$ cat model21.txt   # compact mmCIF, C-alpha atoms and all ligand atoms
# COMPACT_ATOMS: atom_id res chain seq x y z
CA MET B 1210 -18.60 -74.59 -14.79
CA PRO B 1211 -16.74 -77.25 -12.74
CA ARG B 1212 -15.32 -80.09 -14.78
CA THR B 1213 -15.50 -83.74 -13.71
CA ASP B 1214 -12.29 -85.74 -13.19
CA GLY B 1215 -13.06 -87.59 -16.42
CA GLU B 1216 -13.34 -84.34 -18.38
CA GLN B 1217 -10.16 -82.97 -16.80
CA ALA B 1218 -8.31 -86.19 -17.71
CA LEU B 1219 -9.49 -85.89 -21.31
CA ILE B 1220 -8.31 -82.26 -21.52
CA GLU B 1221 -4.91 -83.37 -20.20
CA ARG B 1222 -4.78 -86.12 -22.83
CA PHE B 1223 -5.54 -83.56 -25.55
CA SER B 1224 -2.90 -81.26 -24.07
CA ASN B 1225 -0.27 -83.99 -24.25
CA THR B 1226 -1.35 -84.85 -27.79
CA TYR B 1227 -1.13 -81.24 -29.01
CA GLY B 1228 2.12 -80.60 -27.17
CA HIS B 1229 4.05 -83.75 -28.05
CA LEU B 1230 2.41 -85.76 -30.82
CA THR B 1231 0.38 -83.99 -33.48
CA GLN B 1232 3.03 -81.42 -34.45
CA SER B 1233 5.70 -84.06 -35.14
CA GLU B 1234 6.73 -84.29 -38.79
CA THR B 1235 5.55 -87.92 -38.98
CA MET B 1236 2.08 -87.10 -37.67
CA LEU B 1237 1.76 -84.03 -39.91
CA GLU B 1238 2.67 -86.25 -42.91
CA ILE B 1239 -0.06 -88.70 -41.91
CA GLU B 1240 -2.54 -85.85 -41.50
CA ARG B 1241 -1.69 -84.52 -44.97
CA ALA B 1242 -2.19 -87.99 -46.48
CA VAL B 1243 -5.46 -88.75 -44.67
CA CYS B 1244 -7.17 -85.39 -44.08
CA GLY B 1245 -5.47 -83.10 -46.58
CA CYS B 1246 -4.28 -80.67 -43.88
CA ASP B 1247 -1.36 -80.22 -41.50
CA TYR B 1248 -2.56 -78.36 -38.40
CA GLY B 1249 -2.30 -81.20 -35.89
CA CYS B 1250 -5.99 -82.07 -36.11
CA THR B 1251 -7.70 -84.42 -33.68
CA SER B 1252 -11.20 -84.41 -35.20
CA TRP B 1253 -12.35 -86.34 -38.27
CA SER B 1254 -12.93 -83.25 -40.40
CA THR B 1255 -11.09 -83.50 -43.69
CA ARG B 1256 -10.14 -80.57 -45.88
CA GLU B 1257 -13.06 -81.38 -48.19
CA GLU B 1258 -15.45 -81.22 -45.25
CA ALA B 1259 -13.89 -77.97 -44.00
CA ASP B 1260 -14.41 -76.43 -47.45
CA ASP B 1261 -18.08 -77.48 -47.38
CA ILE B 1262 -18.51 -76.03 -43.87
CA GLY B 1263 -16.97 -72.72 -44.94
CA ASN B 1264 -19.48 -72.57 -47.81
CA ILE B 1265 -22.48 -73.49 -45.64
CA LEU B 1266 -21.48 -70.82 -43.11
CA GLY B 1267 -21.03 -68.29 -45.92
CA LEU B 1268 -17.63 -67.21 -44.59
CA ARG B 1269 -16.13 -64.14 -46.26
CA PRO B 1270 -14.13 -61.08 -45.26
CA GLY B 1271 -15.83 -59.44 -42.29
CA THR B 1272 -17.77 -62.54 -41.12
CA ARG B 1273 -17.32 -62.91 -37.36
CA TYR B 1274 -16.50 -66.63 -36.99
CA LEU B 1275 -16.25 -68.50 -33.69
CA GLU B 1276 -14.84 -71.99 -33.29
CA ILE B 1277 -15.33 -73.97 -30.10
CA GLY B 1278 -12.73 -76.64 -29.25
CA ALA B 1279 -10.39 -75.37 -31.95
CA GLY B 1280 -7.42 -77.48 -30.78
CA SER B 1281 -4.27 -76.36 -32.61
CA GLY B 1282 -6.20 -74.38 -35.19
CA TRP B 1283 -7.92 -76.89 -37.45
CA PRO B 1284 -10.06 -75.95 -39.29
CA GLY B 1285 -10.52 -72.38 -37.98
CA LEU B 1286 -7.17 -71.03 -39.14
CA TYR B 1287 -7.50 -72.76 -42.50
CA LEU B 1288 -10.97 -71.24 -42.99
CA ALA B 1289 -9.76 -67.80 -41.90
CA LYS B 1290 -6.92 -68.00 -44.43
CA ARG B 1291 -9.16 -69.26 -47.25
CA THR B 1292 -12.13 -66.92 -46.73
CA GLY B 1293 -10.72 -63.77 -45.11
CA CYS B 1294 -13.16 -63.98 -42.15
CA GLU B 1295 -12.44 -62.63 -38.65
CA ALA B 1296 -11.90 -65.64 -36.39
CA ALA B 1297 -12.07 -66.35 -32.66
CA LEU B 1298 -10.79 -69.78 -31.66
CA ILE B 1299 -11.31 -71.15 -28.17
CA ASP B 1300 -10.23 -74.34 -26.41
CA LEU B 1301 -8.92 -75.42 -23.01
CA PRO B 1302 -5.50 -77.12 -23.53
CA LEU B 1303 -2.84 -74.42 -23.68
CA GLU B 1304 -0.51 -76.62 -25.72
CA GLY B 1305 -2.99 -76.64 -28.62
CA LEU B 1306 -3.60 -72.90 -28.38
CA LYS B 1307 0.16 -72.24 -28.41
CA ALA B 1308 0.52 -74.25 -31.63
CA ALA B 1309 -2.48 -72.38 -33.10
CA ARG B 1310 -0.96 -68.99 -32.20
CA GLU B 1311 2.31 -69.96 -33.80
CA ARG B 1312 0.53 -71.13 -36.96
CA ALA B 1313 -1.57 -67.92 -37.10
CA ARG B 1314 1.61 -65.88 -36.83
CA LYS B 1315 3.35 -67.91 -39.55
CA ASP B 1316 0.36 -67.62 -41.88
CA GLY B 1317 0.05 -63.86 -41.32
CA LEU B 1318 -3.34 -64.23 -39.61
CA ALA B 1319 -2.52 -62.84 -36.17
CA ASP B 1320 -4.41 -59.57 -36.84
CA ARG B 1321 -7.76 -61.19 -37.51
CA CYS B 1322 -7.55 -64.39 -35.41
CA ARG B 1323 -8.11 -64.27 -31.66
CA ILE B 1324 -6.97 -67.42 -29.90
CA VAL B 1325 -8.35 -67.65 -26.39
CA GLN B 1326 -8.31 -70.22 -23.59
CA ALA B 1327 -11.96 -70.64 -22.63
CA ASP B 1328 -14.61 -73.20 -21.78
CA GLY B 1329 -17.30 -73.66 -24.43
CA ALA B 1330 -19.85 -73.70 -21.61
CA ALA B 1331 -18.79 -70.23 -20.36
CA LEU B 1332 -17.76 -68.14 -23.35
CA PRO B 1333 -15.94 -64.87 -22.64
CA PHE B 1334 -17.82 -63.01 -25.42
CA ALA B 1335 -20.71 -60.55 -25.51
CA ASP B 1336 -24.24 -61.55 -26.54
CA GLY B 1337 -24.85 -61.60 -30.30
CA SER B 1338 -21.22 -61.12 -31.27
CA PHE B 1339 -20.76 -63.84 -33.95
CA ASP B 1340 -22.23 -64.49 -37.42
CA ALA B 1341 -20.91 -68.03 -37.83
CA ILE B 1342 -20.12 -70.74 -35.28
CA TYR B 1343 -18.51 -74.13 -35.80
CA HIS B 1344 -17.32 -77.08 -33.77
CA SER B 1345 -15.85 -80.29 -35.02
CA ASP B 1346 -16.53 -83.48 -32.97
CA VAL B 1347 -16.40 -81.39 -29.78
CA LEU B 1348 -19.76 -82.14 -28.13
CA CYS B 1349 -18.84 -85.84 -27.89
CA CYS B 1350 -15.72 -84.76 -25.95
CA LEU B 1351 -17.59 -83.03 -23.09
CA ILE B 1352 -20.49 -83.62 -20.72
CA GLU B 1353 -22.21 -80.22 -20.71
CA LYS B 1354 -23.45 -80.42 -24.30
CA GLN B 1355 -26.60 -78.39 -23.70
CA ALA B 1356 -24.69 -75.65 -21.84
CA VAL B 1357 -22.29 -75.30 -24.80
CA LEU B 1358 -25.16 -75.10 -27.29
CA GLY B 1359 -26.82 -72.51 -25.01
CA GLU B 1360 -23.67 -70.41 -24.90
CA CYS B 1361 -23.34 -70.66 -28.68
CA ARG B 1362 -26.91 -69.37 -28.93
CA ARG B 1363 -26.18 -66.48 -26.56
CA VAL B 1364 -23.18 -65.25 -28.56
CA ALA B 1365 -24.87 -65.82 -31.96
CA ALA B 1366 -26.16 -62.71 -33.72
CA MET B 1367 -29.71 -62.84 -35.10
CA GLY B 1368 -29.39 -64.46 -38.54
CA ALA B 1369 -26.17 -66.26 -37.56
CA LYS B 1370 -25.46 -69.82 -38.69
CA MET B 1371 -24.01 -72.65 -36.63
CA VAL B 1372 -22.66 -75.91 -38.03
CA PHE B 1373 -21.16 -78.80 -36.08
CA SER B 1374 -20.17 -82.40 -36.53
CA VAL B 1375 -20.72 -84.89 -33.75
CA ILE B 1376 -20.32 -88.63 -33.20
CA SER B 1377 -23.17 -90.44 -31.48
CA ILE B 1378 -24.49 -93.90 -30.73
CA ALA B 1379 -26.87 -95.30 -33.36
CA THR B 1380 -30.48 -95.43 -32.19
CA GLY B 1381 -32.55 -98.55 -31.50
CA LEU B 1382 -29.63 -100.75 -30.41
CA SER B 1383 -29.79 -103.67 -27.98
CA ASP B 1384 -28.12 -103.04 -24.61
CA ALA B 1385 -25.14 -105.17 -25.68
CA ASP B 1386 -24.65 -103.24 -28.94
CA HIS B 1387 -25.11 -99.93 -27.12
CA GLU B 1388 -22.26 -100.95 -24.82
CA ILE B 1389 -19.98 -101.80 -27.77
CA ALA B 1390 -20.78 -98.42 -29.37
CA ALA B 1391 -20.16 -96.51 -26.13
CA ALA B 1392 -16.82 -98.29 -25.65
CA GLY B 1393 -15.77 -97.56 -29.24
CA GLY B 1394 -16.88 -93.93 -29.45
CA PRO B 1395 -15.34 -90.72 -28.11
CA THR B 1396 -15.14 -90.47 -24.32
CA PHE B 1397 -18.37 -88.51 -23.80
CA ILE B 1398 -20.39 -89.95 -26.66
CA GLU B 1399 -23.36 -90.71 -24.37
CA SER B 1400 -26.00 -88.02 -24.62
CA PRO B 1401 -29.21 -87.70 -22.60
CA LEU B 1402 -31.11 -86.26 -25.59
CA ASP B 1403 -30.92 -86.31 -29.37
CA TYR B 1404 -28.96 -83.30 -30.66
CA SER B 1405 -32.00 -81.95 -32.52
CA GLU B 1406 -33.93 -81.82 -29.22
CA MET B 1407 -30.99 -80.13 -27.47
CA LEU B 1408 -30.82 -77.55 -30.26
CA GLU B 1409 -34.53 -76.83 -29.96
CA LEU B 1410 -34.21 -76.46 -26.17
CA THR B 1411 -31.36 -73.97 -26.53
CA GLY B 1412 -32.99 -71.67 -29.08
CA TRP B 1413 -31.82 -73.16 -32.37
CA THR B 1414 -33.81 -74.30 -35.41
CA VAL B 1415 -32.21 -77.21 -37.25
CA THR B 1416 -31.92 -76.28 -40.94
CA ALA B 1417 -30.09 -79.41 -42.10
CA ARG B 1418 -28.87 -82.72 -40.70
CA GLY B 1419 -26.60 -84.96 -42.75
CA ASP B 1420 -25.13 -88.41 -42.06
CA VAL B 1421 -21.39 -88.57 -42.76
CA THR B 1422 -20.73 -91.93 -41.07
CA ALA B 1423 -19.42 -93.50 -44.30
CA GLU B 1424 -16.87 -90.69 -44.73
CA TYR B 1425 -15.88 -90.96 -41.05
CA SER B 1426 -15.43 -94.71 -41.38
CA GLU B 1427 -13.17 -94.29 -44.39
CA THR B 1428 -11.09 -91.54 -42.76
CA PHE B 1429 -10.84 -93.58 -39.57
CA GLY B 1430 -9.69 -96.69 -41.49
CA ASP B 1431 -7.00 -94.74 -43.36
CA MET B 1432 -5.79 -93.00 -40.18
CA PHE B 1433 -5.68 -96.23 -38.17
CA GLY B 1434 -3.62 -97.91 -40.92
CA PHE B 1435 -1.00 -95.15 -40.75
CA GLU B 1436 -1.07 -95.11 -36.94
CA LYS B 1437 -0.39 -98.86 -36.71
CA ALA B 1438 2.51 -98.47 -39.12
CA ASN B 1439 3.93 -95.66 -36.96
CA ILE B 1440 3.28 -97.08 -33.50
CA ASP B 1441 6.73 -95.90 -32.37
CA GLU B 1442 5.50 -92.28 -32.57
CA PHE B 1443 2.77 -93.11 -30.03
CA GLU B 1444 5.18 -95.06 -27.83
CA ARG B 1445 7.54 -92.06 -27.82
CA VAL B 1446 4.78 -89.82 -26.44
CA HIS B 1447 2.54 -92.12 -24.42
CA GLY B 1448 4.98 -94.90 -23.47
CA ALA B 1449 4.43 -98.55 -24.46
CA LYS B 1450 1.43 -98.97 -22.15
CA GLY B 1451 -0.25 -95.72 -23.25
CA ALA B 1452 0.28 -96.54 -26.94
CA ALA B 1453 -1.16 -100.03 -26.44
CA GLU B 1454 -4.22 -98.52 -24.72
CA LEU B 1455 -4.72 -96.10 -27.60
CA MET B 1456 -4.50 -98.92 -30.14
CA ALA B 1457 -6.99 -100.96 -28.09
CA ARG B 1458 -9.36 -97.99 -28.17
CA ARG B 1459 -8.92 -97.74 -31.96
CA HIS B 1460 -9.77 -101.46 -32.27
CA ARG B 1461 -12.95 -100.88 -30.25
CA THR B 1462 -13.90 -98.01 -32.58
CA LEU B 1463 -13.27 -100.21 -35.61
CA GLU B 1464 -15.44 -102.95 -34.13
CA ALA B 1465 -18.28 -100.48 -33.48
CA LEU B 1466 -17.98 -98.97 -36.97
CA ASP B 1467 -17.88 -102.39 -38.64
CA GLN B 1468 -21.11 -103.27 -36.85
CA ASP B 1469 -22.72 -99.94 -37.86
CA LEU B 1470 -23.20 -98.87 -34.23
CA LEU B 1471 -21.80 -95.34 -34.48
CA ARG B 1472 -23.05 -92.26 -36.32
CA ARG B 1473 -21.21 -89.13 -37.35
CA GLU B 1474 -23.55 -86.33 -38.36
CA ILE B 1475 -23.32 -82.69 -39.39
CA PHE B 1476 -25.98 -80.33 -38.07
CA SER B 1477 -26.73 -76.86 -39.40
CA ALA B 1478 -28.85 -74.50 -37.31
CA ARG B 1479 -30.09 -70.92 -37.05
CA PRO B 1480 -31.23 -69.02 -33.95
CA PHE B 1481 -34.97 -68.64 -33.44
C1 LIG B 1501 -12.02 -83.74 -31.41
S1 LIG B 1501 -11.14 -82.39 -30.77
C2 LIG B 1501 -11.26 -81.23 -32.11
C3 LIG B 1501 -10.13 -80.25 -32.12
C4 LIG B 1501 -9.95 -79.44 -33.41
N1 LIG B 1501 -11.11 -78.64 -33.74
C5 LIG B 1501 -9.61 -80.33 -34.56
O1 LIG B 1501 -10.47 -80.53 -35.44
O2 LIG B 1501 -8.50 -80.84 -34.58
C6 LIG B 1501 -12.21 -81.76 -29.53
C7 LIG B 1501 -11.69 -80.53 -28.82
O3 LIG B 1501 -12.70 -80.10 -27.88
C8 LIG B 1501 -12.02 -79.51 -26.80
N2 LIG B 1501 -12.91 -79.40 -25.63
C9 LIG B 1501 -13.35 -80.37 -24.80
N3 LIG B 1501 -14.10 -79.85 -23.81
C10 LIG B 1501 -14.16 -78.51 -24.04
C11 LIG B 1501 -14.79 -77.42 -23.37
N4 LIG B 1501 -15.53 -77.61 -22.28
N5 LIG B 1501 -14.64 -76.18 -23.89
C12 LIG B 1501 -13.91 -75.98 -25.02
N6 LIG B 1501 -13.28 -76.97 -25.69
C13 LIG B 1501 -13.40 -78.21 -25.20
C14 LIG B 1501 -10.84 -80.43 -26.57
O4 LIG B 1501 -9.84 -79.82 -25.81
C15 LIG B 1501 -10.42 -80.74 -28.01
O5 LIG B 1501 -9.41 -79.88 -28.46
$ encode --input "model21.txt" --output "structure tokens"
Amino acid sequence: MPRTDGEQALIERFSNTYGHLTQSETMLEIERAVCGCDYGCTSWSTREEADDIGNILGLRPGTRYLEIGAGSGWPGLYLAKRTGCEAALIDLPLEGLKAARERARKDGLADRCRIVQADGAALPFADGSFDAIYHSDVLCCLIEKQAVLGECRRVAAMGAKMVFSVISIATGLSDADHEIAAAGGPTFIESPLDYSEMLELTGWTVTARGDVTAEYSETFGDMFGFEKANIDEFERVHGAKGAAELMARRHRTLEALDQDLLRREIFSARPF
């Protein structure tokens, strides 16, 4: 599926982040302090949340687990290590996948973790080949949300479970507030339909939907505090202008969160 210039630019930004920022010792320290993990994560999933997801998905040895937008391996490699499941991790930026491969090798997971460069909207897997599917704040980072959910449905076995977190714009906002939320959220936060409708249209039944905005807000606040204190790390990678832009984006997110304009939710679904 062709990607827009905006999507391609975002993938390049992630690539730069995975290749030059998130694996630095300073950033891994921050990640340990805020999220309880050290994989170079770029989502807002903490270790506590990852543990919950593993339990909801019922991961155990033999479960065929697929993660879309797995970045540098969080939380897929952690879940594979903790539960013994068979994992396939896909994403587009090679820099993230390289870090994930290296981590899988170091953790002795290379035999049961496939790490593949692929688009979530065109998965290189056979129909019905996974029992558990997860993605962490990925749908708000791409335009073709429905195509990704459709592909997840195609590769899901009957009886499979899918769980994902996603950030969206709160409903019922004035135009002005909607604009503040869109400016503060992830790049492709705008969605033509509610996620429950998109799930229904792509062959999924929603089994649970939980609001984790408060947890997101807290994690975001903690992360932003550490990031401001370590601005030189961002300047090293993005240059002074790039770091200032990133901080400005963080301020817009904070503004939107303070005004209760963003939502972070976790959906659980089963194929129908
Ligand atoms: C918020 S990050 C989450 C990464 C990782 N799971 C984590 O928690 O650190 C979103 C990820 O979605 C990936 N992504 C964006 N568009 C994608 C697409 N079309 N197919 C697969 N992955 C995509 C990005 O490259 C990025 O790594």
$ residues_near_ligand --input "model21.txt" --ligand "ligand LIG 1501 (chain B)" --cutoff "9 Å" --atoms "all atoms listed in the file" --output "MDAnalysis selection string"
chainID B and resid 1210 1212 1216:1217 1219:1224 1227 1248:1255 1276:1285 1299:1302 1305 1326:1332 1343:1354 1357 1395
$ write_last_selection --input "model21.txt" --atoms "C-alpha atoms" --output "PDB file, in the coordinates of the input"
ATOM      1  CA  MET B1210     -18.600 -74.590 -14.790  1.00  0.00           C
ATOM      2  CA  ARG B1212     -15.320 -80.090 -14.780  1.00  0.00           C
ATOM      3  CA  GLU B1216     -13.340 -84.340 -18.380  1.00  0.00           C
ATOM      4  CA  GLN B1217     -10.160 -82.970 -16.800  1.00  0.00           C
ATOM      5  CA  LEU B1219      -9.490 -85.890 -21.310  1.00  0.00           C
ATOM      6  CA  ILE B1220      -8.310 -82.260 -21.520  1.00  0.00           C
ATOM      7  CA  GLU B1221      -4.910 -83.370 -20.200  1.00  0.00           C
ATOM      8  CA  ARG B1222      -4.780 -86.120 -22.830  1.00  0.00           C
ATOM      9  CA  PHE B1223      -5.540 -83.560 -25.550  1.00  0.00           C
ATOM     10  CA  SER B1224      -2.900 -81.260 -24.070  1.00  0.00           C
ATOM     11  CA  TYR B1227      -1.130 -81.240 -29.010  1.00  0.00           C
ATOM     12  CA  TYR B1248      -2.560 -78.360 -38.400  1.00  0.00           C
ATOM     13  CA  GLY B1249      -2.300 -81.200 -35.890  1.00  0.00           C
ATOM     14  CA  CYS B1250      -5.990 -82.070 -36.110  1.00  0.00           C
ATOM     15  CA  THR B1251      -7.700 -84.420 -33.680  1.00  0.00           C
ATOM     16  CA  SER B1252     -11.200 -84.410 -35.200  1.00  0.00           C
ATOM     17  CA  TRP B1253     -12.350 -86.340 -38.270  1.00  0.00           C
ATOM     18  CA  SER B1254     -12.930 -83.250 -40.400  1.00  0.00           C
ATOM     19  CA  THR B1255     -11.090 -83.500 -43.690  1.00  0.00           C
ATOM     20  CA  GLU B1276     -14.840 -71.990 -33.290  1.00  0.00           C
ATOM     21  CA  ILE B1277     -15.330 -73.970 -30.100  1.00  0.00           C
ATOM     22  CA  GLY B1278     -12.730 -76.640 -29.250  1.00  0.00           C
ATOM     23  CA  ALA B1279     -10.390 -75.370 -31.950  1.00  0.00           C
ATOM     24  CA  GLY B1280      -7.420 -77.480 -30.780  1.00  0.00           C
ATOM     25  CA  SER B1281      -4.270 -76.360 -32.610  1.00  0.00           C
ATOM     26  CA  GLY B1282      -6.200 -74.380 -35.190  1.00  0.00           C
ATOM     27  CA  TRP B1283      -7.920 -76.890 -37.450  1.00  0.00           C
ATOM     28  CA  PRO B1284     -10.060 -75.950 -39.290  1.00  0.00           C
ATOM     29  CA  GLY B1285     -10.520 -72.380 -37.980  1.00  0.00           C
ATOM     30  CA  ILE B1299     -11.310 -71.150 -28.170  1.00  0.00           C
ATOM     31  CA  ASP B1300     -10.230 -74.340 -26.410  1.00  0.00           C
ATOM     32  CA  LEU B1301      -8.920 -75.420 -23.010  1.00  0.00           C
ATOM     33  CA  PRO B1302      -5.500 -77.120 -23.530  1.00  0.00           C
ATOM     34  CA  GLY B1305      -2.990 -76.640 -28.620  1.00  0.00           C
ATOM     35  CA  GLN B1326      -8.310 -70.220 -23.590  1.00  0.00           C
ATOM     36  CA  ALA B1327     -11.960 -70.640 -22.630  1.00  0.00           C
ATOM     37  CA  ASP B1328     -14.610 -73.200 -21.780  1.00  0.00           C
ATOM     38  CA  GLY B1329     -17.300 -73.660 -24.430  1.00  0.00           C
ATOM     39  CA  ALA B1330     -19.850 -73.700 -21.610  1.00  0.00           C
ATOM     40  CA  ALA B1331     -18.790 -70.230 -20.360  1.00  0.00           C
ATOM     41  CA  LEU B1332     -17.760 -68.140 -23.350  1.00  0.00           C
ATOM     42  CA  TYR B1343     -18.510 -74.130 -35.800  1.00  0.00           C
ATOM     43  CA  HIS B1344     -17.320 -77.080 -33.770  1.00  0.00           C
ATOM     44  CA  SER B1345     -15.850 -80.290 -35.020  1.00  0.00           C
ATOM     45  CA  ASP B1346     -16.530 -83.480 -32.970  1.00  0.00           C
ATOM     46  CA  VAL B1347     -16.400 -81.390 -29.780  1.00  0.00           C
ATOM     47  CA  LEU B1348     -19.760 -82.140 -28.130  1.00  0.00           C
ATOM     48  CA  CYS B1349     -18.840 -85.840 -27.890  1.00  0.00           C
ATOM     49  CA  CYS B1350     -15.720 -84.760 -25.950  1.00  0.00           C
ATOM     50  CA  LEU B1351     -17.590 -83.030 -23.090  1.00  0.00           C
ATOM     51  CA  ILE B1352     -20.490 -83.620 -20.720  1.00  0.00           C
ATOM     52  CA  GLU B1353     -22.210 -80.220 -20.710  1.00  0.00           C
ATOM     53  CA  LYS B1354     -23.450 -80.420 -24.300  1.00  0.00           C
ATOM     54  CA  VAL B1357     -22.290 -75.300 -24.800  1.00  0.00           C
ATOM     55  CA  PRO B1395     -15.340 -90.720 -28.110  1.00  0.00           C
TER      56      PRO B1395
END
$ residues_around --input "model21.txt" --residues "Phe1429 (chain B)" --least-positions-apart "5" --cutoff "9 Å" --atoms "only C-alpha atoms" --output "ChimeraX atom specification"
/B:1243,1253,1424,1434,1459,1462-1463
$ atom_distance --input "model21.txt" --atom1 "CA of Lys1450 (chain B)" --atom2 "CA of Phe1433 (chain B)"
17.7 Å
$ closest_residue --input "model21.txt" --among "B:Ala1259, B:Leu1298, B:Val1446, B:Ile1475" --to "Asn1225 (chain B)" --atoms "only C-alpha atoms"
B:Val1446
$ atom_distance --input "model21.txt" --atom1 "CA of Met1236 (chain B)" --atom2 "CA of Gly1393 (chain B)"
22.3 Å
$ residues_around --input "model21.txt" --residues "Leu1408 (chain B)" --least-positions-apart "3" --cutoff "10 Å" --atoms "all atoms listed in the file" --output "PyMOL selection string"
chain B and resi 1354-1355+1358-1359+1362+1402-1405+1411-1415+1476+1478-1480
$ write_last_selection --input "model21.txt" --atoms "C-alpha atoms" --output "compact mmCIF listing (two decimals), in the frame of the given file"
# COMPACT_ATOMS: atom_id res chain seq x y z
CA LYS B 1354 -23.45 -80.42 -24.30
CA GLN B 1355 -26.60 -78.39 -23.70
CA LEU B 1358 -25.16 -75.10 -27.29
CA GLY B 1359 -26.82 -72.51 -25.01
CA ARG B 1362 -26.91 -69.37 -28.93
CA LEU B 1402 -31.11 -86.26 -25.59
CA ASP B 1403 -30.92 -86.31 -29.37
CA TYR B 1404 -28.96 -83.30 -30.66
CA SER B 1405 -32.00 -81.95 -32.52
CA THR B 1411 -31.36 -73.97 -26.53
CA GLY B 1412 -32.99 -71.67 -29.08
CA TRP B 1413 -31.82 -73.16 -32.37
CA THR B 1414 -33.81 -74.30 -35.41
CA VAL B 1415 -32.21 -77.21 -37.25
CA PHE B 1476 -25.98 -80.33 -38.07
CA ALA B 1478 -28.85 -74.50 -37.31
CA ARG B 1479 -30.09 -70.92 -37.05
CA PRO B 1480 -31.23 -69.02 -33.95
$ atom_distance --input "model21.txt" --atom1 "CA of Asp1247 (chain B)" --atom2 "CA of Asn1439 (chain B)"
16.9 Å
$ closest_residue --input "model21.txt" --among "B:Glu1360, B:Glu1442, B:Asp1384, B:Glu1406" --to "Asp1336 (chain B)" --atoms "all atoms listed in the file"
B:Glu1360
$ closest_residue --input "model21.txt" --among "B:Gly1228, B:Gly1368, B:Gly1317, B:Gly1245" --to "Gly1267 (chain B)" --atoms "only C-alpha atoms"
B:Gly1368
$ closest_residue --input "model21.txt" --among "B:Arg1363, B:His1229, B:Ala1465, B:Arg1269" --to "Ala1385 (chain B)" --atoms "only C-alpha atoms"
B:Ala1465
